$ cat protein.txt   # compact mmCIF, C-alpha atoms
# COMPACT_ATOMS: atom_id res chain seq x y z
CA MET A 122 -68.60 56.37 53.99
CA LYS A 123 -68.14 59.17 51.51
CA ARG A 124 -64.65 59.76 52.83
CA PHE A 125 -63.78 56.09 52.13
CA HIS A 126 -64.99 56.28 48.51
CA VAL A 127 -63.04 59.46 47.86
CA THR A 128 -59.88 57.95 49.24
CA PHE A 129 -60.31 54.76 47.17
CA LEU A 130 -60.87 56.68 43.91
CA ALA A 131 -57.81 58.82 44.57
CA ALA A 132 -55.68 55.69 45.00
CA LEU A 133 -56.96 54.23 41.73
CA LEU A 134 -56.10 57.42 39.85
CA VAL A 135 -52.53 57.38 41.23
CA VAL A 136 -51.98 53.74 40.15
CA ALA A 137 -53.36 54.43 36.66
CA ALA A 138 -51.09 57.43 36.31
CA CYS A 139 -48.04 55.36 37.33
CA LYS A 140 -48.87 52.67 34.77
CA ARG A 141 -49.31 55.28 32.06
CA GLY A 142 -45.92 56.76 32.93
CA GLU A 143 -43.98 53.49 33.09
CA GLY A 144 -45.46 51.59 30.11
CA PRO A 145 -43.73 53.47 27.29
CA HIS A 146 -40.38 53.36 29.06
CA GLU A 147 -40.51 49.57 29.48
CA GLU A 148 -41.53 48.99 25.86
CA ALA A 149 -38.75 51.24 24.66
CA GLY A 150 -36.31 49.46 26.94
CA HIS A 151 -37.30 46.05 25.61
CA ALA A 152 -37.05 47.23 22.02
CA HIS A 153 -33.63 48.69 22.70
CA GLU A 154 -32.41 45.42 24.24
CA GLU A 155 -33.69 43.38 21.30
CA GLU A 156 -32.05 45.76 18.86
CA ALA A 157 -28.77 45.73 20.78
CA GLY A 158 -28.84 41.94 21.05
CA SER A 159 -29.59 41.31 17.39
CA HIS A 160 -26.96 43.56 15.93
CA PRO A 161 -23.86 41.88 17.47
CA GLU A 162 -25.11 38.45 16.42
CA ALA A 163 -25.65 39.57 12.84
CA ARG A 164 -22.26 41.27 12.89
CA ASP A 165 -20.25 38.42 14.59
CA GLU A 166 -21.66 35.38 12.79
CA PRO A 167 -19.72 35.70 9.50
CA ASP A 168 -16.53 36.82 11.25
CA ASP A 169 -16.70 34.06 13.87
CA ALA A 170 -16.99 31.41 11.14
CA LEU A 171 -13.85 32.56 9.32
CA VAL A 172 -10.20 32.19 10.22
CA ARG A 173 -7.82 34.56 8.50
CA ILE A 174 -4.12 33.78 8.36
CA VAL A 175 -1.48 36.28 7.29
CA PRO A 176 0.76 35.11 4.39
CA GLU A 177 3.83 34.79 6.63
CA MET A 178 2.07 32.39 8.96
CA LEU A 179 0.33 30.57 6.09
CA ARG A 180 3.70 29.47 4.73
CA ASP A 181 4.49 27.77 8.03
CA LEU A 182 1.15 25.93 8.19
CA ARG A 183 1.90 23.75 5.14
CA VAL A 184 -1.79 23.26 4.47
CA THR A 185 -2.94 20.24 2.45
CA GLN A 186 -6.48 19.55 1.30
CA ALA A 187 -8.59 16.49 0.60
CA PRO A 188 -12.06 16.10 -0.90
CA VAL A 189 -15.11 14.97 1.04
CA GLU A 190 -15.81 11.48 -0.30
CA VAL A 191 -18.71 9.08 -0.47
CA ARG A 192 -18.05 5.46 0.50
CA ARG A 193 -20.02 2.31 0.96
CA GLY A 194 -21.19 1.89 4.53
CA GLY A 195 -21.84 -1.20 6.57
CA GLU A 196 -19.87 -3.08 9.20
CA ALA A 197 -16.14 -3.39 8.65
CA VAL A 198 -12.94 -4.35 10.43
CA THR A 199 -9.70 -2.40 10.71
CA VAL A 200 -6.52 -4.49 10.59
CA LEU A 201 -2.80 -3.85 10.35
CA GLY A 202 -0.52 -5.42 7.77
CA GLU A 203 2.66 -5.19 5.74
CA LEU A 204 3.26 -4.97 2.01
CA ALA A 205 4.98 -7.84 0.23
CA VAL A 206 5.81 -8.72 -3.35
CA ASP A 207 3.48 -10.87 -5.40
CA GLU A 208 4.97 -14.34 -4.97
CA ARG A 209 3.81 -15.31 -8.46
CA THR A 210 6.24 -12.77 -9.95
CA TYR A 211 9.05 -13.06 -7.42
CA ALA A 212 12.31 -15.03 -7.52
CA GLU A 213 15.46 -15.48 -5.48
CA VAL A 214 18.53 -16.25 -7.57
CA ALA A 215 21.18 -18.39 -5.87
CA PRO A 216 24.08 -20.46 -7.29
CA PRO A 217 23.37 -24.20 -7.69
CA LEU A 218 26.90 -25.02 -6.41
CA PRO A 219 29.70 -23.25 -4.55
CA ALA A 220 31.33 -20.77 -6.94
CA ARG A 221 33.28 -17.56 -7.01
CA VAL A 222 31.67 -14.34 -8.30
CA SER A 223 33.56 -13.15 -11.37
CA GLY A 224 31.13 -10.54 -12.71
CA VAL A 225 28.12 -8.54 -11.43
CA LEU A 226 25.78 -7.56 -14.25
CA ALA A 227 22.75 -5.90 -12.57
CA ALA A 228 22.25 -3.23 -9.91
CA PRO A 229 19.60 -2.78 -7.18
CA GLY A 230 16.53 -0.98 -8.49
CA GLU A 231 17.33 -1.93 -12.09
CA ARG A 232 14.53 -3.21 -14.28
CA VAL A 233 15.42 -6.61 -15.78
CA LYS A 234 13.77 -8.90 -18.30
CA LYS A 235 13.20 -12.62 -17.99
CA GLY A 236 16.43 -14.42 -18.97
CA GLN A 237 18.63 -11.33 -18.55
CA PRO A 238 22.11 -12.11 -17.08
CA LEU A 239 22.54 -11.06 -13.45
CA VAL A 240 25.89 -12.47 -12.32
CA GLU A 241 28.79 -14.55 -13.64
CA LEU A 242 30.40 -17.29 -11.56
CA GLN A 243 33.39 -19.61 -11.84
CA SER A 244 33.42 -23.17 -10.48
CA ALA A 245 36.01 -25.95 -10.82
CA GLU A 246 33.25 -28.52 -10.38
CA LEU A 247 31.36 -27.00 -13.29
CA GLY A 248 34.50 -27.07 -15.44
CA LYS A 249 34.97 -30.76 -14.66
CA ALA A 250 31.36 -31.56 -15.56
CA ARG A 251 31.69 -29.76 -18.88
CA ALA A 252 34.90 -31.64 -19.64
CA GLU A 253 33.14 -34.92 -18.94
CA LEU A 254 30.38 -33.97 -21.33
CA GLN A 255 32.97 -33.11 -24.00
CA ALA A 256 34.56 -36.53 -23.57
CA ALA A 257 31.21 -38.32 -23.68
CA LEU A 258 30.28 -36.48 -26.89
CA ALA A 259 33.58 -37.44 -28.53
CA HIS A 260 33.21 -41.06 -27.51
CA ALA A 261 29.64 -41.19 -28.78
CA GLU A 262 30.65 -39.72 -32.14
CA ALA A 263 33.43 -42.30 -32.56
CA ALA A 264 31.09 -45.14 -31.55
CA ARG A 265 28.48 -44.05 -34.09
CA ALA A 266 31.12 -43.92 -36.86
CA ALA A 267 32.41 -47.40 -35.91
CA ALA A 268 28.93 -48.86 -35.95
CA GLU A 269 28.30 -47.33 -39.39
CA ARG A 270 31.50 -48.91 -40.78
CA LYS A 271 30.59 -52.30 -39.34
CA ARG A 272 27.19 -52.13 -41.02
CA THR A 273 28.86 -51.32 -44.37
CA LEU A 274 31.32 -54.21 -44.03
CA ALA A 275 28.57 -56.57 -42.97
CA ALA A 276 26.61 -55.65 -46.09
CA GLU A 277 29.65 -56.71 -48.15
CA ARG A 278 29.93 -59.88 -46.06
CA ILE A 279 33.41 -58.85 -44.84
CA VAL A 280 32.55 -58.97 -41.12
CA ALA A 281 30.12 -61.09 -39.17
CA GLN A 282 26.76 -59.77 -38.04
CA ARG A 283 27.71 -60.17 -34.38
CA GLU A 284 30.41 -57.51 -34.82
CA VAL A 285 27.78 -55.12 -36.12
CA GLN A 286 25.62 -55.82 -33.06
CA ALA A 287 28.57 -55.21 -30.74
CA ALA A 288 29.38 -51.89 -32.45
CA GLU A 289 25.76 -50.74 -32.22
CA ALA A 290 25.66 -51.64 -28.53
CA GLU A 291 28.82 -49.59 -27.96
CA ALA A 292 27.26 -46.63 -29.75
CA SER A 293 24.11 -46.89 -27.60
CA SER A 294 26.20 -46.97 -24.44
CA ALA A 295 28.11 -43.90 -25.57
CA GLU A 296 24.84 -42.03 -26.19
CA ALA A 297 23.73 -42.93 -22.68
CA ASP A 298 26.96 -41.49 -21.29
CA VAL A 299 26.24 -38.24 -23.15
CA ALA A 300 22.74 -38.06 -21.68
CA ALA A 301 24.12 -38.65 -18.18
CA ALA A 302 26.79 -35.96 -18.63
CA ARG A 303 24.15 -33.49 -19.86
CA ALA A 304 21.92 -34.27 -16.88
CA ALA A 305 24.82 -33.69 -14.48
CA LEU A 306 25.55 -30.35 -16.14
CA THR A 307 21.91 -29.32 -15.97
CA ALA A 308 21.81 -30.22 -12.29
CA LEU A 309 24.67 -27.78 -11.75
CA GLY A 310 22.61 -25.02 -13.33
CA ALA A 311 24.46 -24.96 -16.64
CA GLU A 312 22.85 -25.50 -20.00
CA GLY A 313 24.56 -26.07 -23.32
CA ASP A 314 25.49 -28.66 -25.88
CA GLY A 315 29.05 -29.19 -24.67
CA LYS A 316 30.67 -27.85 -27.81
CA ALA A 317 34.08 -26.25 -27.92
CA ASN A 318 32.63 -22.76 -27.47
CA GLU A 319 31.44 -23.55 -23.94
CA GLN A 320 33.20 -21.42 -21.35
CA GLY A 321 34.62 -24.14 -19.12
CA PRO A 322 34.15 -23.26 -15.44
CA ARG A 323 32.07 -20.11 -16.13
CA LEU A 324 28.38 -20.00 -15.18
CA THR A 325 25.94 -17.16 -15.85
CA LEU A 326 22.89 -16.83 -13.60
CA ARG A 327 19.88 -15.23 -15.30
CA SER A 328 16.69 -13.71 -13.98
CA PRO A 329 13.83 -16.24 -14.07
CA VAL A 330 11.20 -13.45 -14.03
CA GLU A 331 10.72 -9.95 -15.35
CA GLY A 332 10.79 -7.29 -12.67
CA THR A 333 12.94 -5.02 -10.53
CA VAL A 334 16.10 -6.01 -8.68
CA LEU A 335 14.98 -5.66 -5.06
CA GLU A 336 18.22 -6.79 -3.46
CA ARG A 337 21.73 -7.69 -4.59
CA ASN A 338 24.15 -9.62 -2.39
CA ALA A 339 26.75 -10.45 -5.06
CA VAL A 340 30.22 -8.90 -4.64
CA MET A 341 33.13 -9.39 -7.00
CA GLY A 342 35.51 -12.11 -5.80
CA GLN A 343 33.32 -13.50 -3.02
CA MET A 344 32.47 -17.18 -2.67
CA ALA A 345 28.79 -17.77 -3.35
CA GLU A 346 26.90 -20.61 -1.68
CA PRO A 347 23.63 -22.28 -2.72
CA SER A 348 22.09 -21.43 0.65
CA ARG A 349 22.37 -17.66 0.10
CA ALA A 350 20.53 -15.77 -2.63
CA LEU A 351 22.65 -13.39 -4.67
CA PHE A 352 19.67 -11.53 -6.16
CA ARG A 353 16.02 -10.97 -5.29
CA VAL A 354 13.83 -9.93 -8.22
CA GLY A 355 10.15 -9.06 -8.16
CA GLU A 356 7.44 -7.27 -10.12
CA LEU A 357 6.31 -4.13 -8.25
CA SER A 358 3.39 -3.05 -10.43
CA ARG A 359 1.11 -5.19 -8.24
CA LEU A 360 1.76 -5.95 -4.57
CA TRP A 361 0.31 -8.09 -1.81
CA LEU A 362 -0.83 -6.77 1.56
CA ILE A 363 -0.84 -9.49 4.22
CA VAL A 364 -3.01 -8.74 7.26
CA HIS A 365 -4.13 -10.86 10.20
CA ALA A 366 -7.77 -10.66 11.25
CA PHE A 367 -9.28 -12.19 14.37
CA GLU A 368 -11.15 -15.37 13.58
CA ARG A 369 -14.56 -13.86 14.42
CA ASP A 370 -13.96 -11.22 11.73
CA ALA A 371 -12.02 -13.28 9.19
CA VAL A 372 -14.88 -15.75 8.70
CA ARG A 373 -17.07 -12.84 7.53
CA ILE A 374 -14.60 -11.41 5.01
CA GLN A 375 -15.72 -12.13 1.48
CA PRO A 376 -13.17 -12.86 -1.27
CA GLU A 377 -13.15 -10.28 -4.08
CA SER A 378 -14.55 -7.59 -1.76
CA GLU A 379 -13.06 -4.11 -2.08
CA ALA A 380 -11.03 -2.73 0.83
CA ARG A 381 -9.48 0.64 1.57
CA VAL A 382 -5.85 0.92 2.64
CA VAL A 383 -3.90 3.80 4.17
CA PHE A 384 -0.13 3.98 4.67
CA THR A 385 1.88 5.77 7.33
CA ALA A 386 4.17 7.02 4.57
CA PHE A 387 1.27 8.74 2.75
CA PRO A 388 -0.97 10.51 5.30
CA GLY A 389 -4.30 11.69 3.96
CA GLN A 390 -4.07 9.41 0.91
CA ASP A 391 -5.82 6.08 0.55
CA PHE A 392 -5.54 3.17 -1.86
CA SER A 393 -7.99 0.59 -3.14
CA ALA A 394 -7.31 -3.11 -2.59
CA ARG A 395 -9.08 -6.37 -3.34
CA VAL A 396 -9.34 -9.40 -1.06
CA THR A 397 -7.90 -12.38 -2.95
CA PHE A 398 -7.36 -14.96 -0.22
CA VAL A 399 -8.65 -15.75 3.27
CA GLY A 400 -6.56 -18.28 5.16
CA GLN A 401 -7.87 -21.72 6.05
CA GLN A 402 -6.11 -22.14 9.40
CA VAL A 403 -6.20 -20.19 12.66
CA ASP A 404 -2.91 -19.27 14.29
CA ALA A 405 -3.00 -20.90 17.72
CA ALA A 406 -0.97 -18.16 19.43
CA SER A 407 -2.74 -15.03 18.11
CA ARG A 408 -6.13 -16.53 17.20
CA THR A 409 -5.94 -14.75 13.85
CA ILE A 410 -6.31 -15.81 10.23
CA PRO A 411 -4.10 -14.39 7.45
CA VAL A 412 -5.88 -12.41 4.77
CA ARG A 413 -4.23 -11.38 1.50
CA LEU A 414 -5.17 -8.28 -0.47
CA GLU A 415 -3.84 -7.15 -3.84
CA LEU A 416 -3.02 -3.52 -4.68
CA ALA A 417 -2.16 -1.95 -8.00
CA ASN A 418 1.08 0.06 -7.90
CA PRO A 419 1.44 1.55 -11.39
CA ASP A 420 3.43 4.60 -10.25
CA GLY A 421 5.80 2.66 -8.00
CA LEU A 422 4.91 4.71 -4.89
CA LEU A 423 4.48 1.65 -2.70
CA ARG A 424 7.43 -0.45 -1.52
CA PRO A 425 7.53 -3.97 -0.07
CA GLY A 426 7.82 -3.82 3.70
CA MET A 427 5.66 -0.69 4.18
CA SER A 428 3.21 -0.86 7.09
CA ALA A 429 -0.45 -0.26 6.34
CA THR A 430 -3.92 -0.15 7.84
CA ALA A 431 -6.70 -1.86 5.90
CA PHE A 432 -10.42 -1.19 6.23
CA ILE A 433 -12.14 -4.41 5.12
CA PRO A 434 -15.94 -4.79 4.84
CA LEU A 435 -17.62 -7.65 6.67
CA GLY A 436 -20.49 -9.45 5.00
CA GLU A 437 -22.90 -7.39 2.92
CA MET A 438 -22.27 -3.67 2.54
CA GLY A 439 -24.87 -1.09 3.52
CA ALA A 440 -25.80 2.38 2.27
CA ARG A 441 -23.23 4.96 1.23
CA ILE A 442 -21.70 7.33 3.78
CA ILE A 443 -19.72 10.58 3.68
CA THR A 444 -16.15 10.51 5.03
CA VAL A 445 -13.16 12.81 5.54
CA PRO A 446 -9.58 12.07 6.69
CA ALA A 447 -9.42 11.76 10.47
CA ALA A 448 -6.85 14.58 10.71
CA ALA A 449 -9.36 17.00 9.14
CA LEU A 450 -11.73 16.85 12.15
CA GLN A 451 -10.82 19.07 15.10
CA ARG A 452 -12.51 19.26 18.49
CA LEU A 453 -13.39 22.66 19.93
CA GLU A 454 -15.41 23.56 23.01
CA ASP A 455 -18.71 23.60 21.15
CA GLY A 456 -18.25 20.47 19.03
CA TRP A 457 -16.44 18.99 16.03
CA PHE A 458 -15.30 21.22 13.17
CA VAL A 459 -13.54 21.14 9.82
CA PHE A 460 -11.81 23.99 8.01
CA ILE A 461 -12.78 24.72 4.41
CA PRO A 462 -10.47 26.86 2.23
CA GLN A 463 -12.18 30.03 1.01
CA GLY A 464 -9.28 31.75 -0.70
CA ALA A 465 -5.78 32.95 0.07
CA GLY A 466 -5.36 32.74 3.83
CA VAL A 467 -9.10 32.47 4.56
CA PHE A 468 -10.71 29.31 6.00
CA GLU A 469 -14.30 28.65 6.97
CA ARG A 470 -14.76 26.95 10.33
CA ARG A 471 -17.77 24.67 9.88
CA ALA A 472 -19.46 22.49 12.49
CA VAL A 473 -20.06 18.86 11.49
CA GLY A 474 -21.68 15.80 12.98
CA ARG A 475 -19.13 13.08 13.68
CA GLY A 476 -19.87 9.40 13.12
CA ARG A 477 -17.74 6.26 13.24
CA THR A 478 -13.97 6.08 12.92
CA LEU A 479 -13.16 4.04 9.80
CA GLY A 480 -9.46 3.41 9.77
CA GLY A 481 -7.77 6.63 8.72
CA GLU A 482 -11.11 8.30 7.98
CA VAL A 483 -14.15 9.43 9.94
CA GLU A 484 -17.81 9.26 8.98
CA VAL A 485 -19.50 12.68 8.76
CA LEU A 486 -23.20 12.71 9.58
CA SER A 487 -23.95 16.34 8.75
CA GLY A 488 -22.42 19.63 7.67
CA LEU A 489 -20.57 18.60 4.49
CA ARG A 490 -21.34 17.76 0.88
CA PRO A 491 -19.40 15.29 -1.29
CA GLY A 492 -16.68 17.00 -3.30
CA GLU A 493 -16.04 19.88 -0.89
CA GLN A 494 -12.40 20.42 0.04
CA VAL A 495 -11.31 20.26 3.69
CA VAL A 496 -7.96 21.04 5.29
CA VAL A 497 -6.02 17.95 6.45
CA ASP A 498 -2.44 18.91 7.30
CA GLY A 499 -2.64 22.24 9.05
CA ALA A 500 -6.12 21.72 10.55
CA PHE A 501 -4.70 21.34 14.07
CA LEU A 502 -2.83 24.65 13.80
CA LEU A 503 -5.95 26.38 12.50
CA LYS A 504 -7.77 25.03 15.53
CA ALA A 505 -5.03 26.48 17.75
CA GLU A 506 -5.52 29.86 16.10
CA VAL A 507 -9.26 29.72 16.84
CA GLU A 508 -8.62 28.83 20.49
CA LYS A 509 -6.02 31.57 20.75
CA SER A 510 -8.47 34.12 19.34
CA HIS A 511 -11.26 33.12 21.69
CA GLY A 512 -8.92 32.95 24.61
CA GLY A 513 -8.01 36.60 24.10
CA GLY A 514 -11.54 37.72 24.97
CA GLY A 515 -13.05 37.63 21.52
CA HIS A 516 -12.48 36.80 17.95
CA HIS A 517 -9.55 38.47 16.24
CA GLU A 518 -8.62 38.23 12.62
CA HIS A 519 -5.14 36.96 11.79
$ encode --input "protein.txt" --output "structure tokens"
Amino acid sequence: MKRFHVTFLAALLVVAACKRGEGPHEEAGHAHEEEAGSHPEARDEPDDALVRIVPEMLRDLRVTQAPVEVRRGGEAVTVLGELAVDERTYAEVAPPLPARVSGVLAAPGERVKKGQPLVELQSAELGKARAELQAALAHAEAARAAAERKRTLAAERIVAQREVQAAEAEASSAEADVAAARAALTALGAEGDGKANEQGPRLTLRSPVEGTVLERNAVMGQMAEPSRALFRVGELSRLWLIVHAFERDAVRIQPESEARVVFTAFPGQDFSARVTFVGQQVDAASRTIPVRLELANPDGLLRPGMSATAFIPLGEMGARIITVPAAALQRLEDGWFVFIPQGAGVFERRAVGRGRTLGGEVEVLSGLRPGEQVVVDGAFLLKAEVEKSHGGGGHHEH
């Protein structure tokens, strides 16, 4: 029994000695691992968040920036459309009768005033109508003089009263002929009093509106027809955007609501528009309703015929949201990122929370503040540089 107790106590002493020998080594090992693990993280975090581009490569990136913006949220619809001139300030100028072009007085792109001459024409039919007016005026003048003489003679009892009545009737008929000749001349697009200074067969077409010459089809010496416009003139300071929304969306679009428009010709730039008309009839083929928006164009950047994408709110608008251009967001393995300029050739790679796609923009749920600048053009190439760096086994500065 004593031998058993001695053996048991010896075993306990050996185990205690082993624990005393191993304990400090394990604690030191754990502390060393924590220290080794914390140092790389503290050292890599700022470097991993920055992308550095050498000046030679930076020139090739062609980086553009855009601010983080705050917009009104709520449900909306994205529709495609095309710019057109405001029909209230638009005119097509065509000859009222077949005529030959004898003078071109305005050029495409030229700014013209209302009533400014655009083109001169010559027409034999117009010359004949003016000659008829001249004859009618001469006849009317003679008839008035004859009636006046008859009245004078009748007052002196030299002629009978019936001769006065006949002369007055002749004068009235001559005046009617003048009115008819004037009406015929006006119908041919010519105005004037038929005096000797009228230019016979010549006709000058003038601009009925103030605006810019959008198109000119007049060529010296050609025959112009009433069915073909020689000039198209329109005011470009305000344009219409015509879009077609599906009926389920169109019935919820409110007139006077503000919309956002982006153009293929101006990536990363958006324009404000106002809904001014929602159509009253559904197109049977497409099941869409036309919607008209008006855009201000004070700088003349926009041109009729440009294609556009409009973001139109539906019903009541909700709270405000933060947005960036869609091209600014880039997808990497660990999520969505934007690049924020930090100085010459240095860009911060920042993770963001992505929300809805809103036309040419994307809602940002987290990671950005309004007013911060993000890279738009060039963001994809910056993403490629990040992937290239990580693909090489670690982060490398460029």
$ residues_around --input "protein.txt" --residues "A:Leu326" --least-positions-apart "3" --cutoff "8 Å" --atoms "only C-alpha atoms" --output "list in words"
Val214, Pro216, Pro238, Leu239, Val240, Glu241 and Leu242 of chain A
$ residues_around --input "protein.txt" --residues "A:Leu423" --least-positions-apart "6" --cutoff "10 Å" --atoms "only C-alpha atoms" --output "list in words"
Leu204, Ala205, Leu357, Ser358, Arg359, Leu360, Phe384, Ala386, Phe387, Leu416 and Ala417 of chain A
$ closest_residue --input "protein.txt" --among "A:Lys234, A:Arg471, A:Arg373, A:Arg180" --to "A:Asp455" --atoms "all atoms listed in the file"
A:Arg471
$ closest_residue --input "protein.txt" --among "A:Arg323, A:Thr210, A:Val354, A:Leu201" --to "A:Ala245" --atoms "all atoms listed in the file"
A:Arg323
$ residues_around --input "protein.txt" --residues "stretch 363-371 of chain A" --least-positions-apart "3" --cutoff "12 Å" --atoms "all atoms listed in the file" --output "ChimeraX atom specification"
/A:196-208,360,374-376,380,382,394-416,425-436
$ closest_residue --input "protein.txt" --among "A:Arg475, A:Arg349, A:Arg278, A:Arg424" --to "A:Pro446" --atoms "all atoms listed in the file"
A:Arg475
$ atom_distance --input "protein.txt" --atom1 "atom CA of A:Gly488" --atom2 "atom CA of A:Pro462"
15.0 Å
$ residues_around --input "protein.txt" --residues "A:Ala227" --least-positions-apart "2" --cutoff "12 Å" --atoms "all atoms listed in the file" --output "list in words"
Gly224, Val225, Pro229, Gly230, Glu231, Arg232, Val233, Lys234, Gln237, Pro238, Leu239, Val240, Glu241, Leu326, Arg327, Ser328, Thr333, Val334, Leu335, Glu336, Arg337, Asn338, Ala339, Val340, Leu351, Phe352, Arg353 and Val354 of chain A
$ residues_near_point --input "protein.txt" --point "(24.4, -20.8, -2.0)" --cutoff "7 Å" --atoms "only C-alpha atoms" --output "count of residues only"
11
$ closest_residue --input "protein.txt" --among "A:Gln463, A:Gln451, A:Ser510, A:Ser244" --to "A:Val483" --atoms "all atoms listed in the file"
A:Gln451
$ residues_around --input "protein.txt" --residues "A:Ala288" --least-positions-apart "3" --cutoff "12 Å" --atoms "all atoms listed in the file" --output "list in words"
Ala261, Ala263, Ala264, Arg265, Ala266, Ala267, Ala268, Glu269, Arg270, Lys271, Arg272, Thr273, Leu274, Ala275, Val280, Ala281, Gln282, Arg283, Glu284, Val285, Glu291, Ala292, Ser293, Ser294 and Ala295 of chain A
$ closest_residue --input "protein.txt" --among "A:Ala301, A:Ala212, A:Ala256, A:Ala170" --to "A:Gly332" --atoms "all atoms listed in the file"
A:Ala212
